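First the structure, in the form of structure tokens, and then the observations on it.
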Amino acid sequence: MMQTYTCIICPNGCELQVDMMKDRRTIKKIEGNLCPKGAEYARQEVQDPRRTIATSVLVQGGVLPLASVRLSKAVPKNQIFDVMGAIKKITLQAPVQAGSVILFNVLDSGSDVIVTRSVKAGGQNV
Amino acid sequence: MMEKDVIIIGGGPAGLAAAVELRKKGIEDILILEREASLGGILRQCIHDGFGLTRFGETLSGPEYARRFIDEAEALHIPYAVDTMVLHISPDKTVTAACRDGLKVWKAKAIMLAMGCRERSRGALGIPGERPAGVFTAGTAQAYINMYNRMPGKEVVILGSGDIGMIMARRMTLEGARVKAVFEIMPYASGLPRNIQQCLHDYGIPLYLSHTITEIKGGSRLQGVVVSEVDGHMRPIAGTEKEYSCDTLILSVGLIPENELSEGAGLTLDEQTKGAVVDEHFQTDIPGVFAAGNVLHVHDLVDFVSMEAEQLADCAASYIRGRALAPCTIRVAAGSGVGNLVPQRLSGTEAVTLSCRVRSPQRDGTLVVMQNGREAAVHAFKRAVPAEMLHIRIAAGALQRQGDLEVSMK
């Protein structure tokens with residue numbers, strides 16, 4: 001059977017045509033990708049779709065009320081809201097350093113939660 | 001009056017990249033003026049990832065992307081002033097700004113415009129109805145959630161399929177809101193295909209093309225919107241009205257370069273890009289005033305903003321040193337199917353990259369650059385959408401010294 005996917009790896013957003021068996025395990029042909037990453041994405045998307053998310057965690061005593069965070073790698077798509085829930089439980093104390101890991105291997109996904117924005121200690125000044 | 005070699009207006013991605021590159025080219029006397037309390041521009045609130053693939057070869061969040069340039073600017077000890085709002089630039093390159101200490105005036109050898117863009121608002125659309133709370137531009141909602149920890153609402157409708165609107169559809173869904181639908185007046189999406197997939201399809205949010213909002217309802221708070229289908233001329237079709245209850249309406253209906261300062265200085269603006277008319281050195285029609293990034297033309301990717309500002313810095317450094325930039329008398333015009341061409345004037349002596357957009361979605365097309373009846377450059381593509389800026393490279397020597405250019409779809 002044929003399925004069409006939009007590659008999300010880069011802004012080109014290639015339209016990928018995937019010819020596969022009904023069990024989705026055997027992929028016969030992938031077309032429409034401008035680079036090898038597109039084929040890799042199509043295979044992943046057919047068999048085990050994954051996504052990365054970005055959100056924020058609360059910061060106490062910082063110049064900003066929030067520090068933004070992201071995942072070190074994509075997690076299974078159906079785990080996204082559980083991962084959000086796990087991240088929401090965290091509150092950090094300023095100062096917070098970008099790059100620091102605040103949650104290792106979130107929900108056994110193999111992905112870490114990383115701070116993407118430093119927040120200095122002090123009164124709020126957004 | 002203080003004197004400066006170069007004043008950069010705006011400390012976002014364009015201003016920062018230009019500052020770093022100018023310093024690397026040996027220009028010492030630089031000052032960045034930023035109206036916000038910290039550097040980084042709009043990237044500060046763009047916490048999603050996907051930035052930096054072209055410029056850095058890896059995918060970064062907005063704050064991380066900005067940090068790379070801020071760290072570099074700080075390591076190079078480039079002076080900057082925050083909480084400083086430029087009020088006026090004059091054609092003789094005097095810059096007047098308001099800051100915590102009062103008014104300040106500088107005289108610069110060169111000015112770099114890097115003010116970015118702003119969002120079209122409800123007022124620009126003229127949607128009839130009440131004026132309740134709960135109507136936000138996508139960027140405002142993004143600032144509320146990602147900067148101030150405030151949730152704009154719970155039941156959301158989005159008008160316009162711009163990238164920021166789609167990114168906010170996902171962001172608000174992750175934060176527990178119910179995003180009912182995205183309505184787009186055009187027959188195609190205005191944002192990138194990957195955002196339709198990862199921000200809408202992934203979360204089951206429907207996108208309705210050729211639809212618009214024809215009424216806003218609510219007293220003190222938004223209660224609902226009326227949506228209508230539109231015909232081929234974007235006119236609402238009577239009888240197609242449908243009401244959606246919602247407490248929040250997010251507008252993602254386009255970005256406009258922020259050029260009040262440019263207009264005040266008397267610069268010529270381009271009707272399509274809404275940015276300054278520039279030559280291949282990113283120089284406006286006032287010698288020594290340069291523009292790059294979203295203030296020049298709205299980009300879809302910050303990587304290209306940074307790279308454009310870096311190119312500008314090369315030219316501005318030569319100008320500051322007193323070297324003559326090649327005169328640019330060849331005009332570039334947009335022909336059929338093409339819009340938003342930059343730069344608008346060329347020298348004909350150097351290699352140059354033109355950027356433009358197609359007017360409607362295309363498959364297996366070719367863009368042709370014609371001069372004096374011959375093809376100076378061609379750019380073939382498999383697929384092109386208006387959401388995506390295209391780049392056409394013209395080799396050195398491909399142009400004649402005289403004769404205007406026209407870029408069109410073949």
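If you're wondering about the labels, chains in the structure tokens are A, B, ... by order shown, residues count from 1 in each chain, ligands from 1 in order shown.
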
If we count only C-alpha atoms, what is near Arg235 (chain B) at a cut-off of 12 Å, once residues fewer than 6 positions away on the same chain are taken out, given as a ChimeraX atom specification? /B:185-186,210-214,228-229

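Every residue of chain B that lies within 8 Å of chain A is listed here, counting only C-alpha atoms: Ala37, Ile47, His48, Asp49, Gly50, Leu53, Ser61, Pro63, Glu64, Asn146, Met147, Tyr148, Asn149, Arg171, Leu174, Leu192, Pro193, Arg194, Asn195, Gln197 and Gln198 of chain B.
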
Filtering to C-alpha atoms, could you give me those residues as a short mmCIF file (atom, residue, chain, number, x, y, z; two decimals), in the first residue's frame?
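Contents of the output file again_23.cif:
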```
data_model
loop_
_atom_site.label_atom_id
_atom_site.label_comp_id
_atom_site.auth_asym_id
_atom_site.auth_seq_id
_atom_site.Cartn_x
_atom_site.Cartn_y
_atom_site.Cartn_z
CA ALA B 37 15.60 44.46 28.50
CA ILE B 47 11.25 27.91 22.59
CA HIS B 48 10.44 25.24 19.98
CA ASP B 49 13.32 23.68 18.08
CA GLY B 50 14.18 23.60 14.40
CA LEU B 53 20.02 23.53 10.65
CA SER B 61 15.63 26.07 20.19
CA PRO B 63 16.93 30.79 22.98
CA GLU B 64 19.85 28.46 22.23
CA ASN B 146 6.65 31.21 27.09
CA MET B 147 7.86 34.40 28.80
CA TYR B 148 5.29 35.41 31.42
CA ASN B 149 3.78 32.02 32.38
CA ARG B 171 1.99 24.80 22.24
CA LEU B 174 0.45 20.74 25.08
CA LEU B 192 5.62 25.51 6.08
CA PRO B 193 4.39 21.96 5.27
CA ARG B 194 6.33 20.50 8.20
CA ASN B 195 4.43 22.68 10.64
CA GLN B 197 2.24 18.01 9.97
CA GLN B 198 3.94 18.38 13.35
#
```

Those of chain A in DSSP strand (DSSP E), formatted as a ChimeraX atom specification: /A:2-6,15-20,27-31,50-51,54-60,66-71,75-76,91-93,101-103,113-115

For Pro95 (chain A), find every residue with an atom within 8 Å (counting only C-alpha atoms), except residues of its own chain fewer than 5 positions away, and show them as a PyMOL selection string. chain A and resi 61-62+118-121

Just the selected residues (C-alpha atoms), exported as a PDB file, in the first residue's frame, please.
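Done, and the output landed in selection.pdb:
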```
ATOM      1  CA  GLY A  61      13.758  33.434  42.597  1.00  0.00           C
ATOM      2  CA  GLY A  62      14.791  34.192  39.022  1.00  0.00           C
ATOM      3  CA  SER A 118      19.661  30.474  31.511  1.00  0.00           C
ATOM      4  CA  VAL A 119      17.778  32.351  34.220  1.00  0.00           C
ATOM      5  CA  LYS A 120      19.756  34.490  36.639  1.00  0.00           C
ATOM      6  CA  ALA A 121      18.752  34.868  40.249  1.00  0.00           C
TER       7      ALA A 121
END
```

DSSP alpha helix (DSSP H) residues within region 223-268 of chain B, as a PyMOL selection string: chain B and resi 260-264

Spatial neighbours of Val101 (chain A), max dist 8 Å, only C-alpha atoms, sep filter under 6 positions, as a PyMOL selection string: chain A and resi 112-115

Just give me the gap between CA of Gly266 (chain B) and CA of Trp106 (chain B) in Å, one decimal is fine. 18.4 Å

With a distance cut-off of 12 Å and only C-alpha atoms, select the neighbouring residues of Ser220 (chain B), excluding the residue or stretch itself and same-chain residues fewer than 6 positions from it, and output the selection as an MDAnalysis selection string. chainID B and resid 130:135 247

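Going from CA of Arg120 (chain B) to CA of Arg345 (chain B) covers 28.0 Å.
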
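Nearest to Leu222 (chain B) of all the residues B:Gly116, B:Gly337, B:Pro152, B:Gly41 is B:Pro152, counting only C-alpha atoms.
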